[in-house]
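**Student:** File follows, run.csv with CSV, C-alpha atoms:
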```csv
chain,number,residue,atom,x,y,z
A,1369,MET,CA,156.9,-126.6,-52.9
A,1370,SER,CA,155.9,-126.6,-56.5
A,1371,ASN,CA,158.5,-127.7,-59.0
A,1372,LEU,CA,158.7,-124.2,-60.4
A,1373,VAL,CA,160.4,-123.0,-57.3
A,1374,LEU,CA,161.9,-126.2,-56.0
A,1375,TYR,CA,164.0,-126.8,-59.1
A,1376,GLU,CA,165.0,-123.2,-60.0
A,1377,VAL,CA,165.1,-121.3,-56.8
A,1378,ARG,CA,166.0,-124.0,-54.3
A,1379,TYR,CA,169.2,-122.2,-53.5
A,1380,VAL,CA,167.4,-119.2,-52.0
A,1381,LEU,CA,164.4,-120.9,-50.3
A,1382,LEU,CA,165.5,-119.7,-46.9
A,1383,ALA,CA,165.3,-116.1,-48.0
A,1384,CYS,CA,161.7,-116.6,-49.0
A,1385,GLY,CA,160.7,-118.4,-45.8
A,1386,TYR,CA,159.7,-121.6,-47.5
A,1387,SER,CA,162.3,-123.9,-45.9
A,1388,PHE,CA,159.8,-126.3,-44.4
A,1389,ASP,CA,157.3,-126.7,-47.2
A,1390,CYS,CA,159.7,-127.0,-50.2
A,1391,PHE,CA,158.8,-130.6,-51.1
A,1392,THR,CA,155.0,-130.4,-51.2
A,1393,PRO,CA,153.4,-130.4,-54.7
A,1394,LYS,CA,151.6,-127.1,-53.9
A,1395,ILE,CA,152.7,-124.2,-51.8
A,1396,LEU,CA,150.3,-123.4,-49.0
A,1397,TYR,CA,150.3,-120.3,-46.9
A,1398,SER,CA,151.7,-121.0,-43.4
A,1399,SER,CA,151.7,-118.7,-40.4
A,1400,ARG,CA,154.8,-120.6,-39.2
A,1401,ASP,CA,156.7,-119.6,-42.3
A,1402,SER,CA,155.5,-116.1,-42.0
A,1403,ALA,CA,156.7,-115.9,-38.4
A,1404,ILE,CA,160.1,-117.3,-39.4
A,1405,PHE,CA,160.4,-114.8,-42.2
A,1406,TRP,CA,159.5,-111.8,-39.9
A,1407,PHE,CA,162.2,-113.1,-37.4
A,1408,LEU,CA,164.8,-113.2,-40.2
A,1409,THR,CA,163.8,-109.7,-41.3
A,1410,MET,CA,164.3,-108.3,-37.8
A,1411,ILE,CA,168.0,-109.4,-37.6
A,1412,PRO,CA,169.3,-107.2,-40.5
A,1413,LEU,CA,167.0,-104.4,-39.4
A,1414,ALA,CA,168.3,-104.4,-35.8
A,1415,PHE,CA,172.0,-105.0,-36.6
A,1416,LEU,CA,172.5,-103.2,-39.9
A,1417,CYS,CA,169.7,-100.8,-40.9
A,1418,GLU,CA,168.9,-99.0,-37.7
A,1419,PRO,CA,172.6,-98.6,-36.5
A,1420,GLN,CA,173.7,-97.2,-39.8
A,1421,PHE,CA,170.7,-94.8,-40.1
A,1422,ALA,CA,171.5,-93.6,-36.5
A,1423,PHE,CA,175.1,-93.0,-37.5
A,1424,LEU,CA,174.0,-91.2,-40.7
A,1425,ILE,CA,171.8,-88.8,-38.6
A,1426,PHE,CA,174.0,-88.2,-35.5
A,1427,ASP,CA,177.7,-89.0,-36.4
A,1428,ALA,CA,178.2,-88.2,-40.1
A,1429,LYS,CA,179.9,-84.8,-39.6
A,1430,ASP,CA,181.5,-84.5,-43.1
A,1431,LEU,CA,180.5,-85.3,-46.6
A,1432,TYR,CA,182.8,-88.2,-47.0
A,1433,LYS,CA,181.5,-90.0,-44.0
A,1434,PHE,CA,177.9,-89.3,-45.0
A,1435,VAL,CA,178.5,-90.7,-48.5
A,1436,SER,CA,180.3,-93.7,-47.3
A,1437,VAL,CA,177.4,-94.7,-45.0
A,1438,LEU,CA,174.6,-93.6,-47.3
A,1439,VAL,CA,175.3,-96.2,-50.0
A,1440,PRO,CA,175.2,-99.4,-47.8
A,1441,CYS,CA,172.4,-97.9,-45.7
A,1442,THR,CA,170.3,-97.4,-48.8
A,1443,GLU,CA,170.9,-100.9,-50.1
A,1444,ILE,CA,170.2,-102.4,-46.6
A,1445,PHE,CA,167.0,-100.5,-46.3
A,1446,LEU,CA,165.9,-101.4,-49.8
A,1447,THR,CA,166.5,-105.1,-49.2
A,1448,ASN,CA,164.7,-105.0,-45.8
A,1449,LEU,CA,161.8,-103.3,-47.6
A,1450,LYS,CA,161.8,-106.2,-50.1
A,1451,MET,CA,161.7,-108.7,-47.3
A,1452,VAL,CA,158.8,-106.9,-45.7
A,1453,ILE,CA,156.8,-106.6,-48.9
A,1454,CYS,CA,157.6,-110.2,-49.8
A,1455,ASN,CA,155.9,-111.3,-46.6
A,1456,LEU,CA,153.0,-108.9,-47.0
A,1457,LYS,CA,152.4,-110.1,-50.5
A,1458,ARG,CA,153.0,-113.8,-49.7
A,1459,HIS,CA,149.5,-114.9,-50.6
A,1460,LYS,CA,149.7,-113.3,-54.0
A,1461,ILE,CA,153.2,-114.6,-54.8
A,1462,LEU,CA,152.2,-118.2,-53.7
A,1463,ASN,CA,149.0,-118.1,-55.8
A,1464,LEU,CA,151.0,-116.9,-58.9
A,1465,ILE,CA,153.6,-119.6,-58.4
A,1466,ASN,CA,150.9,-122.3,-58.1
A,1467,ASP,CA,148.9,-121.1,-61.1
A,1468,VAL,CA,152.0,-120.9,-63.3
A,1469,GLN,CA,153.0,-124.4,-62.1
A,1470,ILE,CA,149.6,-125.9,-63.1
A,1471,VAL,CA,150.0,-124.6,-66.7
A,1472,TRP,CA,153.6,-125.6,-66.8
A,1473,ASP,CA,152.8,-129.2,-65.8
A,1474,GLU,CA,150.2,-129.4,-68.6
A,1475,TYR,CA,152.8,-128.5,-71.2
A,1476,ALA,CA,155.3,-130.9,-69.5
A,1477,ALA,CA,152.9,-133.7,-70.4
A,1478,SER,CA,153.1,-132.9,-74.1
A,1479,ASN,CA,154.7,-135.4,-76.5
A,1480,LEU,CA,156.0,-132.7,-78.9
A,1481,GLU,CA,159.8,-132.5,-78.9
A,1482,GLU,CA,159.8,-128.8,-79.6
A,1483,VAL,CA,157.7,-128.1,-76.5
A,1484,ARG,CA,159.7,-130.3,-74.2
A,1485,GLU,CA,163.0,-128.8,-75.5
A,1486,LEU,CA,161.7,-125.2,-74.7
A,1487,LEU,CA,160.7,-126.3,-71.2
A,1488,ALA,CA,164.1,-127.9,-70.6
A,1489,VAL,CA,166.0,-124.8,-71.9
A,1490,THR,CA,163.9,-122.5,-69.7
A,1491,ARG,CA,164.6,-124.6,-66.6
A,1492,LYS,CA,168.3,-124.7,-67.3
A,1493,LYS,CA,168.5,-120.9,-67.9
A,1494,ALA,CA,166.6,-120.3,-64.7
A,1495,ARG,CA,168.8,-122.6,-62.7
A,1496,VAL,CA,172.1,-121.2,-64.0
A,1497,PHE,CA,170.8,-117.6,-63.4
A,1498,VAL,CA,169.9,-118.4,-59.8
A,1499,ILE,CA,173.3,-120.0,-59.1
A,1500,VAL,CA,175.3,-117.2,-60.6
A,1501,TYR,CA,173.2,-114.4,-59.3
A,1502,THR,CA,173.1,-115.7,-55.8
A,1503,SER,CA,176.8,-116.4,-55.7
A,1504,ALA,CA,177.6,-112.9,-57.0
A,1505,PHE,CA,175.6,-111.1,-54.4
A,1506,MET,CA,176.6,-113.4,-51.6
A,1507,PHE,CA,180.2,-112.7,-52.5
A,1508,ILE,CA,179.6,-108.9,-52.5
A,1509,CYS,CA,177.8,-108.9,-49.2
A,1510,LEU,CA,180.2,-111.2,-47.4
A,1511,GLU,CA,183.2,-109.3,-48.9
A,1512,TYR,CA,181.8,-106.2,-47.2
A,1513,GLY,CA,181.3,-108.0,-43.9
A,1514,LEU,CA,184.6,-109.8,-43.8
A,1515,MET,CA,186.8,-107.0,-45.0
A,1516,PRO,CA,188.0,-106.1,-41.5
A,1517,LEU,CA,188.8,-109.8,-40.8
A,1518,TRP,CA,190.8,-110.1,-44.0
A,1519,LYS,CA,192.6,-106.9,-43.1
A,1520,TRP,CA,193.4,-108.2,-39.7
A,1521,CYS,CA,194.7,-111.5,-41.1
A,1522,TYR,CA,197.0,-109.6,-43.5
A,1523,TYR,CA,198.5,-107.4,-40.8
A,1524,TYR,CA,199.2,-110.2,-38.4
A,1525,GLY,CA,200.0,-113.0,-40.9
A,1526,PHE,CA,201.7,-111.4,-43.9
A,1527,SER,CA,202.9,-107.9,-43.1
A,1528,SER,CA,206.5,-107.6,-42.1
A,1529,GLN,CA,205.8,-104.3,-40.3
A,1530,PRO,CA,204.4,-104.5,-36.8
A,1531,SER,CA,201.0,-102.9,-36.7
A,1532,ASN,CA,198.6,-101.6,-34.0
A,1533,TYR,CA,195.7,-102.4,-36.2
A,1534,THR,CA,192.6,-103.4,-34.3
A,1535,ILE,CA,189.6,-105.0,-35.9
A,1536,SER,CA,186.5,-102.8,-36.3
A,1537,LEU,CA,182.9,-103.3,-37.4
A,1538,PRO,CA,182.4,-103.6,-41.2
A,1539,TYR,CA,180.4,-100.4,-41.4
A,1540,PRO,CA,180.4,-97.1,-39.5
A,1541,GLN,CA,177.4,-97.4,-37.3
A,1542,ARG,CA,175.9,-96.3,-34.0
A,1543,MET,CA,174.8,-99.2,-31.8
A,1544,PHE,CA,172.2,-98.7,-29.1
A,1545,TYR,CA,174.6,-100.2,-26.5
A,1546,SER,CA,178.3,-100.1,-25.8
A,1547,ILE,CA,180.6,-102.4,-27.7
A,1548,GLU,CA,183.8,-101.4,-25.9
A,1549,SER,CA,184.4,-104.8,-24.3
A,1550,ASN,CA,185.6,-107.7,-26.3
A,1551,ALA,CA,182.6,-109.8,-25.4
A,1552,SER,CA,180.0,-107.2,-26.6
A,1553,PHE,CA,182.1,-106.5,-29.7
A,1554,GLY,CA,182.4,-110.2,-30.6
A,1555,VAL,CA,178.7,-110.8,-30.2
A,1556,THR,CA,177.8,-107.8,-32.2
A,1557,TYR,CA,180.2,-108.7,-35.0
A,1558,PHE,CA,178.7,-112.3,-35.0
A,1559,PHE,CA,175.2,-111.0,-35.4
A,1560,ILE,CA,176.3,-108.5,-38.1
A,1561,MET,CA,177.7,-111.4,-40.1
A,1562,VAL,CA,174.5,-113.3,-39.7
A,1563,ALA,CA,172.5,-110.2,-40.8
A,1564,VAL,CA,174.8,-109.7,-43.8
A,1565,TYR,CA,174.3,-113.4,-44.8
A,1566,LEU,CA,170.5,-113.1,-44.5
A,1567,LEU,CA,170.5,-109.8,-46.3
A,1568,GLY,CA,172.5,-111.2,-49.2
A,1569,LEU,CA,170.3,-114.3,-49.4
A,1570,ALA,CA,167.1,-112.2,-49.2
A,1571,LEU,CA,168.3,-109.9,-51.9
A,1572,ALA,CA,169.2,-112.7,-54.3
A,1573,GLY,CA,166.1,-114.7,-53.3
A,1574,PHE,CA,163.6,-111.9,-54.0
A,1575,ASP,CA,165.2,-111.0,-57.4
A,1576,SER,CA,165.5,-114.7,-58.3
A,1577,VAL,CA,161.8,-115.4,-57.6
A,1578,PHE,CA,160.8,-112.5,-59.8
A,1579,THR,CA,163.2,-113.4,-62.6
A,1580,THR,CA,162.3,-117.1,-62.5
A,1581,LEU,CA,158.6,-116.3,-62.8
A,1582,VAL,CA,159.3,-113.9,-65.6
A,1583,MET,CA,161.3,-116.6,-67.5
A,1584,HIS,CA,158.5,-119.1,-67.1
A,1585,ILE,CA,155.7,-116.7,-68.1
A,1586,THR,CA,157.8,-115.6,-71.1
A,1587,ALA,CA,158.2,-119.3,-72.1
A,1588,LEU,CA,154.4,-119.7,-71.8
A,1589,PHE,CA,153.9,-116.9,-74.4
A,1590,LYS,CA,156.5,-118.6,-76.6
A,1591,LEU,CA,154.5,-121.9,-76.4
A,1592,LEU,CA,151.3,-119.9,-77.2
A,1593,ASN,CA,152.9,-118.5,-80.3
A,1594,MET,CA,153.9,-122.1,-81.3
A,1595,GLU,CA,150.3,-123.2,-80.9
A,1596,ILE,CA,149.2,-120.3,-83.2
A,1597,ASP,CA,151.7,-121.4,-85.8
A,1598,GLN,CA,150.4,-124.9,-85.5
A,1599,MET,CA,146.9,-123.6,-86.1
A,1600,GLY,CA,148.1,-121.9,-89.2
A,1601,MET,CA,149.4,-125.3,-90.5
A,1602,GLN,CA,145.9,-126.7,-89.8
A,1603,LEU,CA,144.4,-123.9,-91.9
A,1604,ARG,CA,146.7,-124.6,-94.8
A,1605,GLY,CA,145.8,-128.3,-94.5
A,1606,GLY,CA,142.1,-127.4,-95.1
A,1607,ALA,CA,140.9,-127.7,-91.5
A,1608,LYS,CA,137.5,-125.9,-91.0
A,1609,GLY,CA,134.5,-125.7,-88.8
A,1610,HIS,CA,134.0,-126.6,-85.2
A,1611,GLU,CA,137.4,-128.2,-84.5
A,1612,LEU,CA,139.3,-125.1,-85.8
A,1613,LYS,CA,137.2,-122.7,-83.7
A,1614,SER,CA,137.6,-124.9,-80.7
A,1615,THR,CA,141.4,-124.7,-81.0
A,1616,PHE,CA,141.2,-120.9,-81.5
A,1617,LYS,CA,139.0,-120.5,-78.4
A,1618,ALA,CA,141.5,-122.5,-76.4
A,1619,ILE,CA,144.3,-120.1,-77.6
A,1620,ILE,CA,142.2,-117.1,-76.6
A,1621,LEU,CA,141.6,-118.5,-73.2
A,1622,LYS,CA,145.3,-119.2,-72.7
A,1623,HIS,CA,146.2,-115.7,-73.9
A,1624,LYS,CA,143.8,-114.2,-71.3
A,1625,THR,CA,145.3,-116.5,-68.6
A,1626,TYR,CA,148.9,-115.4,-69.4
A,1627,LEU,CA,148.0,-111.8,-69.3
A,1628,ALA,CA,146.4,-112.4,-65.9
A,1629,PHE,CA,149.8,-113.9,-64.8
A,1630,ILE,CA,151.5,-110.6,-65.8
A,1631,ASP,CA,148.9,-108.6,-63.8
A,1632,GLN,CA,149.6,-110.9,-60.8
A,1633,LEU,CA,153.3,-110.5,-61.2
A,1634,GLU,CA,153.0,-106.7,-61.3
A,1635,ASP,CA,150.7,-106.6,-58.3
A,1636,ALA,CA,153.2,-108.6,-56.3
A,1637,PHE,CA,156.4,-106.9,-57.3
A,1638,SER,CA,155.6,-103.5,-58.8
A,1639,LEU,CA,155.9,-101.5,-55.5
A,1640,VAL,CA,159.4,-102.8,-54.8
A,1641,LEU,CA,160.4,-102.2,-58.5
A,1642,MET,CA,159.2,-98.6,-58.1
A,1643,VAL,CA,161.3,-98.1,-55.0
A,1644,GLN,CA,164.3,-99.8,-56.7
A,1645,PHE,CA,164.2,-97.5,-59.7
A,1646,LEU,CA,163.7,-94.4,-57.6
A,1647,THR,CA,166.7,-95.1,-55.5
A,1648,SER,CA,169.0,-96.6,-58.2
A,1649,SER,CA,169.8,-93.2,-59.8
A,1650,ILE,CA,170.8,-91.7,-56.4
A,1651,VAL,CA,172.8,-94.8,-55.3
A,1652,ILE,CA,174.8,-95.2,-58.5
A,1653,CYS,CA,175.5,-91.4,-58.5
A,1654,VAL,CA,176.7,-91.6,-54.9
A,1655,VAL,CA,178.8,-94.7,-55.6
A,1656,LEU,CA,180.6,-92.9,-58.5
A,1657,TYR,CA,181.2,-89.8,-56.4
A,1658,GLN,CA,182.5,-92.0,-53.5
A,1659,LEU,CA,184.9,-93.7,-55.9
A,1660,THR,CA,186.4,-90.3,-56.9
A,1661,LEU,CA,186.8,-89.3,-53.3
A,1662,ALA,CA,188.4,-92.6,-52.2
A,1663,PHE,CA,190.4,-93.2,-55.4
A,1664,GLY,CA,193.5,-95.3,-54.7
A,1665,TRP,CA,194.5,-98.7,-53.5
A,1666,ASN,CA,192.5,-98.7,-50.2
A,1667,GLU,CA,189.7,-100.4,-48.5
A,1668,GLU,CA,187.0,-98.0,-49.5
A,1669,THR,CA,188.0,-98.3,-53.2
A,1670,MET,CA,187.8,-102.1,-53.0
A,1671,LYS,CA,184.3,-101.8,-51.5
A,1672,THR,CA,183.2,-99.3,-54.1
A,1673,ILE,CA,184.4,-101.1,-57.2
A,1674,THR,CA,182.8,-104.3,-55.9
A,1675,TYR,CA,179.5,-102.7,-55.1
A,1676,LEU,CA,179.1,-100.6,-58.3
A,1677,PRO,CA,178.8,-103.6,-60.7
A,1678,GLY,CA,176.4,-105.3,-58.4
A,1679,ALA,CA,174.1,-102.2,-58.3
A,1680,VAL,CA,174.2,-101.9,-62.1
A,1681,LEU,CA,173.7,-105.7,-62.6
A,1682,GLN,CA,170.6,-105.7,-60.3
A,1683,LEU,CA,169.0,-102.9,-62.2
A,1684,TYR,CA,169.9,-104.4,-65.6
A,1685,VAL,CA,168.4,-107.8,-64.6
A,1686,PHE,CA,165.0,-106.3,-63.9
A,1687,CYS,CA,164.9,-104.3,-67.1
A,1688,TRP,CA,166.2,-107.2,-69.3
A,1689,TYR,CA,163.7,-109.8,-68.2
A,1690,ALA,CA,160.8,-107.3,-68.1
A,1691,GLN,CA,161.7,-106.3,-71.7
A,1692,LYS,CA,161.6,-110.0,-72.7
A,1693,ILE,CA,158.1,-110.6,-71.4
A,1694,THR,CA,156.9,-107.5,-73.1
A,1695,GLU,CA,158.4,-108.4,-76.5
A,1696,GLU,CA,157.1,-112.0,-76.4
A,1697,ALA,CA,153.6,-110.8,-75.5
A,1698,GLU,CA,153.7,-108.4,-78.4
A,1699,LEU,CA,154.6,-111.2,-80.8
A,1700,VAL,CA,151.2,-112.8,-80.4
A,1701,ALA,CA,149.7,-110.3,-82.7
A,1702,ASN,CA,152.4,-110.9,-85.3
A,1703,HIS,CA,151.9,-114.6,-85.2
A,1704,ILE,CA,148.1,-114.3,-85.6
A,1705,TYR,CA,148.6,-112.0,-88.6
A,1706,SER,CA,151.2,-114.4,-90.2
A,1707,ILE,CA,148.8,-117.4,-90.3
A,1708,PRO,CA,146.4,-117.7,-93.3
A,1709,TRP,CA,143.5,-116.5,-91.4
A,1710,TYR,CA,141.8,-115.5,-94.7
A,1711,LEU,CA,141.2,-119.2,-95.3
A,1712,GLY,CA,138.7,-119.4,-92.5
A,1713,ASP,CA,135.1,-118.4,-92.4
A,1714,PRO,CA,134.0,-114.8,-91.5
A,1715,SER,CA,133.4,-115.7,-87.8
A,1716,TYR,CA,136.9,-117.1,-87.6
A,1717,GLU,CA,138.3,-113.9,-89.2
A,1718,LYS,CA,136.5,-111.8,-86.6
A,1719,MET,CA,138.0,-113.9,-83.8
A,1720,CYS,CA,141.5,-113.3,-85.3
A,1721,ILE,CA,140.9,-109.5,-85.5
A,1722,THR,CA,139.7,-109.5,-81.9
A,1723,LEU,CA,142.8,-111.4,-80.6
A,1724,MET,CA,145.2,-109.2,-82.6
A,1725,ALA,CA,143.6,-106.0,-81.3
A,1726,LYS,CA,144.0,-107.3,-77.7
A,1727,ALA,CA,147.5,-108.5,-78.2
A,1728,GLN,CA,148.6,-105.2,-79.7
A,1729,LYS,CA,148.0,-103.4,-76.5
A,1730,PRO,CA,151.2,-102.7,-74.6
A,1731,THR,CA,151.7,-105.4,-72.0
A,1732,GLY,CA,154.4,-105.9,-69.4
A,1733,VAL,CA,155.6,-105.1,-65.9
A,1734,THR,CA,155.4,-101.5,-64.7
A,1735,ALA,CA,156.8,-99.6,-61.8
A,1736,SER,CA,153.5,-99.0,-59.9
A,1737,LYS,CA,151.7,-98.1,-63.1
A,1738,PHE,CA,154.0,-95.1,-63.7
A,1739,TYR,CA,156.0,-96.4,-66.6
A,1740,MET,CA,156.8,-99.7,-68.4
A,1741,ILE,CA,160.0,-101.4,-67.3
A,1742,THR,CA,162.2,-102.0,-70.4
A,1743,LEU,CA,165.8,-101.6,-71.4
A,1744,GLN,CA,165.0,-98.0,-72.2
A,1745,SER,CA,164.3,-97.5,-68.5
A,1746,PHE,CA,167.7,-98.8,-67.7
A,1747,GLN,CA,169.3,-96.5,-70.2
A,1748,ARG,CA,167.4,-93.5,-68.7
A,1749,ILE,CA,168.5,-94.3,-65.1
A,1750,ILE,CA,172.1,-94.7,-66.0
A,1751,SER,CA,172.0,-91.5,-67.9
A,1752,THR,CA,170.3,-89.7,-65.0
A,1753,SER,CA,172.8,-91.1,-62.6
A,1754,TYR,CA,175.7,-89.8,-64.6
A,1755,SER,CA,174.1,-86.4,-64.9
A,1756,TYR,CA,173.7,-86.3,-61.1
A,1757,PHE,CA,177.3,-87.4,-60.6
A,1758,THR,CA,178.7,-84.6,-62.9
A,1759,LEU,CA,176.5,-82.0,-61.1
A,1760,LEU,CA,177.7,-83.2,-57.7
A,1761,GLN,CA,181.3,-83.2,-58.8
A,1762,THR,CA,181.0,-79.7,-60.2
A,1763,MET,CA,179.5,-78.4,-57.0
A,1764,ASN,CA,182.2,-80.0,-55.0
A,1765,GLN,CA,185.0,-78.4,-57.1
A,1766,GLN,CA,183.4,-75.0,-56.7
```
Translate this structure into structure tokens?
**Tutor:**
Amino acid sequence: MSNLVLYEVRYVLLACGYSFDCFTPKILYSSRDSAIFWFLTMIPLAFLCEPQFAFLIFDAKDLYKFVSVLVPCTEIFLTNLKMVICNLKRHKILNLINDVQIVWDEYAASNLEEVRELLAVTRKKARVFVIVYTSAFMFICLEYGLMPLWKWCYYYGFSSQPSNYTISLPYPQRMFYSIESNASFGVTYFFIMVAVYLLGLALAGFDSVFTTLVMHITALFKLLNMEIDQMGMQLRGGAKGHELKSTFKAIILKHKTYLAFIDQLEDAFSLVLMVQFLTSSIVICVVLYQLTLAFGWNEETMKTITYLPGAVLQLYVFCWYAQKITEEAELVANHIYSIPWYLGDPSYEKMCITLMAKAQKPTGVTASKFYMITLQSFQRIISTSYSYFTLLQTMNQQ
């Protein structure tokens, strides 16, 4: 796999289905990897998503049970959807990673200390993000799955009171077969834990690939702005003629390429981002409402207060990094305007005006072309979620 993914997203390679090709210089599409990925997708679908959805339809008789199952069911369904779309969009994601890697390697060969420092900082930030983000969501997912086991260990190892507590499945769900016997229950619980592990890895993997690509594309725009400032120094030094225009044409070509990277990024991830943003308001609202219903020192409260920060963090990460790439792309016009373009000839000035006009157009990642993803989007979703929560709480009190 290209260094872009190998060095920054190596902790979640399995979630992306690239476990066998992770040391090749270029990622190639493989039907074997696709088959492995589809197989990994089916395990959470069969042992988590479908049983919970069946329970939601047939067995959730009261509001509390419905709410308690709706939250994990929504997140499981959304993560399974991410896994499916990731496989369907595999060609586009691989092409984007390879294209970014080619440009990244060109900058890595530079002798400029400032450029090499920016590359090193970007790699470090991406690596730290992947480690922390993956660890956080693996903890949340495994905490959900292992809660009954921890509860069983507490009763039989630390409690002074004898208890008739019997271990149950982590989530209320309706299996398509009987789990009354110890053997069927044990096998089911084992595959549920495998599914939870794969689900957590897939969730962190998809988000990490998106975030890592955004970090690298944002860094490319920063490098482009550095080249524009360097061209301004050439103008002040009296550079004119063919050499100056050649440098500017190279900058224009790079700017066009980086905008194409954003378009590729949006094409590969915008559908999932749209679904994520549509469901986030409802999920956060339901989690807050569930917290008010299960308030107290109990298992449901522990699950809720663990899940809520994860849901908000996931949404914030998308908005934060999408905002960064939008801001850096907009700075291209400011850097062009700040250089002494008036020292060039008329044809050079026209080139500056053309690039400034193109760079001033809003650029960034959108949710299926409906709206630009920025921190304002995060603020609107949180505000909408709280409004839904207060409305639901008022209706419940009446």
**Student:** Please determine, counting all atoms listed in the file, which residue among A:Asp1597, A:Asp1427, A:Asp1575, A:Glu1474 has the shortest atom-to-atom distance to Tyr1684 (chain A).
**Tutor:**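 The shortest atom-to-atom distance to Tyr1684 (chain A) comes from A:Asp1575.
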**Student:** Find the residues with any atom within 12 Å of (154.5, -122.5, -84.1); use all atoms listed in the file and the coordinates as given in the file, and write the answer as an MDAnalysis selection string.
**Tutor:** chainID A and resid 1480 1482:1483 1589:1602 1699:1700 1702:1704 1706:1707
**Student:** Excluding region 1506-1508 of chain A and its own-chain neighbours fewer than 2 positions away, which residues fall within 10 Å of it when counting all atoms listed in the file? Please give them as a ChimeraX atom specification.
**Tutor:** /A:1500-1504,1510-1513,1564-1572,1671,1674-1675,1677-1678
**Student:** Hey, can you check how far CA of Trp1688 (chain A) sits from CA of His1623 (chain A)?
**Tutor:**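 Separating CA of Trp1688 (chain A) from CA of His1623 (chain A) is a distance of 22.2 Å.
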**Student:** Measure the distance from CA of Val1562 (chain A) to CA of Pro1412 (chain A) in Å and round it to one decimal.
**Tutor:**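 That distance, rounded to one decimal, is 8.1 Å.
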**Student:** Could you pull the residues within 8 Å of Phe1423 (chain A), counting only C-alpha atoms, minus those fewer than 5 positions along the same chain, as a PDB file with C-alpha atoms, in the frame of the given file?
**Tutor:**
```pdb
ATOM      1  CA  ALA A1428     178.200 -88.200 -40.100  1.00  0.00           C
ATOM      2  CA  PRO A1540     180.400 -97.100 -39.500  1.00  0.00           C
ATOM      3  CA  GLN A1541     177.400 -97.400 -37.300  1.00  0.00           C
ATOM      4  CA  ARG A1542     175.900 -96.300 -34.000  1.00  0.00           C
TER       5      ARG A1542
END
```
**Student:** Counting all atoms listed in the file, figure out which residue out of A:Leu1683, A:Cys1653, A:Leu1413, A:Ile1395 gets nearest to Val1468 (chain A).
**Tutor:**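 So, comparing all the options, the nearest one is A:Ile1395.
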**Student:** Taking all atoms listed in the file into account, which of A:Tyr1626, A:Phe1434, A:Tyr1739, A:Phe1637 comes nearest Lys1460 (chain A)?
**Tutor:**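 Closest to Lys1460 (chain A), using all atoms listed in the file: A:Phe1637.
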**Student:** Under the rule that only C-alpha atoms are counted, which of A:His1584, A:Lys1433, A:Arg1400, A:Lys1493 is the nearest residue to Tyr1475 (chain A)?
**Tutor:** A:His1584
**Student:** Taking all atoms listed in the file into account, name the residue in A:Ala1494, A:Leu1456, A:Leu1627, A:Met1543 that is nearest to Phe1421 (chain A).
**Tutor:**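 Ranked by minimum distance to Phe1421 (chain A), first place goes to A:Met1543.
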**Student:** By how many Å are CA of Glu1634 (chain A) and CA of Arg1458 (chain A) apart?
**Tutor:**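 Distance between the two atoms: 13.6 Å.
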**Student:** So which residues are close to (159.7, -106.9, -75.5), meaning at most 10 Å away in the file's coordinates with all atoms listed in the file counted, and can you show them as a list in words?
**Tutor:**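 Neighbouring residues, ordered by chain and number, come to Thr1586, Trp1688, Tyr1689, Ala1690, Gln1691, Lys1692, Ile1693, Thr1694, Glu1695, Glu1696, Ala1697, Glu1698, Leu1699, Pro1730, Thr1731, Gly1732, Ile1741, Thr1742 and Leu1743 of chain A.
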**Student:** For Glu1611 (chain A), find every residue with an atom within 12 Å (counting all atoms listed in the file), except residues of its own chain fewer than 4 positions away, and show them as a list in words.
**Tutor:**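 Residues near the query, excluding close chain neighbours: Met1599, Gln1602, Leu1603, Gly1606, Ala1607, Thr1615, Phe1616, Lys1617, Ala1618, Gly1712 and Tyr1716 of chain A.
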**Student:** From the options A:Leu1612, A:Cys1509, A:Ile1461, A:Leu1487, which residue's atoms come nearest to Leu1711 (chain A), counting all atoms listed in the file?
**Tutor:**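 Selected residue with least distance to Leu1711 (chain A): A:Leu1612.
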**Student:** Taking only residues of region 1608-1715 of chain A that have an atom at most 12 Å from an atom of region 1437-1441 of chain A, what is each one's shortest atom pair and its distance in Å to one decimal, using all atoms listed in the file, in chain and number order, as a Markdown table?
**Tutor:**
```
| residue | atom | partner | partner_atom | distance |
| --- | --- | --- | --- | --- |
| A:Thr1647 | CA | A:Val1439 | CA | 10.3 |
| A:Ser1648 | CA | A:Val1439 | CA | 10.3 |
| A:Ser1649 | CA | A:Val1439 | CA | 11.6 |
| A:Ile1650 | CA | A:Val1439 | CA | 9.0 |
| A:Val1651 | CA | A:Val1439 | CA | 6.0 |
| A:Ile1652 | CA | A:Val1439 | CA | 8.6 |
| A:Cys1653 | CA | A:Val1439 | CA | 9.8 |
| A:Val1654 | CA | A:Val1439 | CA | 6.9 |
| A:Val1655 | CA | A:Val1439 | CA | 6.8 |
| A:Leu1656 | CA | A:Val1439 | CA | 10.5 |
| A:Tyr1657 | CA | A:Val1439 | CA | 10.8 |
| A:Gln1658 | CA | A:Val1439 | CA | 9.0 |
| A:Leu1659 | CA | A:Val1439 | CA | 11.5 |
| A:Glu1668 | CA | A:Val1437 | CA | 11.1 |
| A:Lys1671 | CA | A:Pro1440 | CA | 10.1 |
| A:Thr1672 | CA | A:Val1439 | CA | 9.4 |
| A:Tyr1675 | CA | A:Pro1440 | CA | 9.1 |
| A:Leu1676 | CA | A:Val1439 | CA | 10.1 |
| A:Ala1679 | CA | A:Val1439 | CA | 10.3 |
```
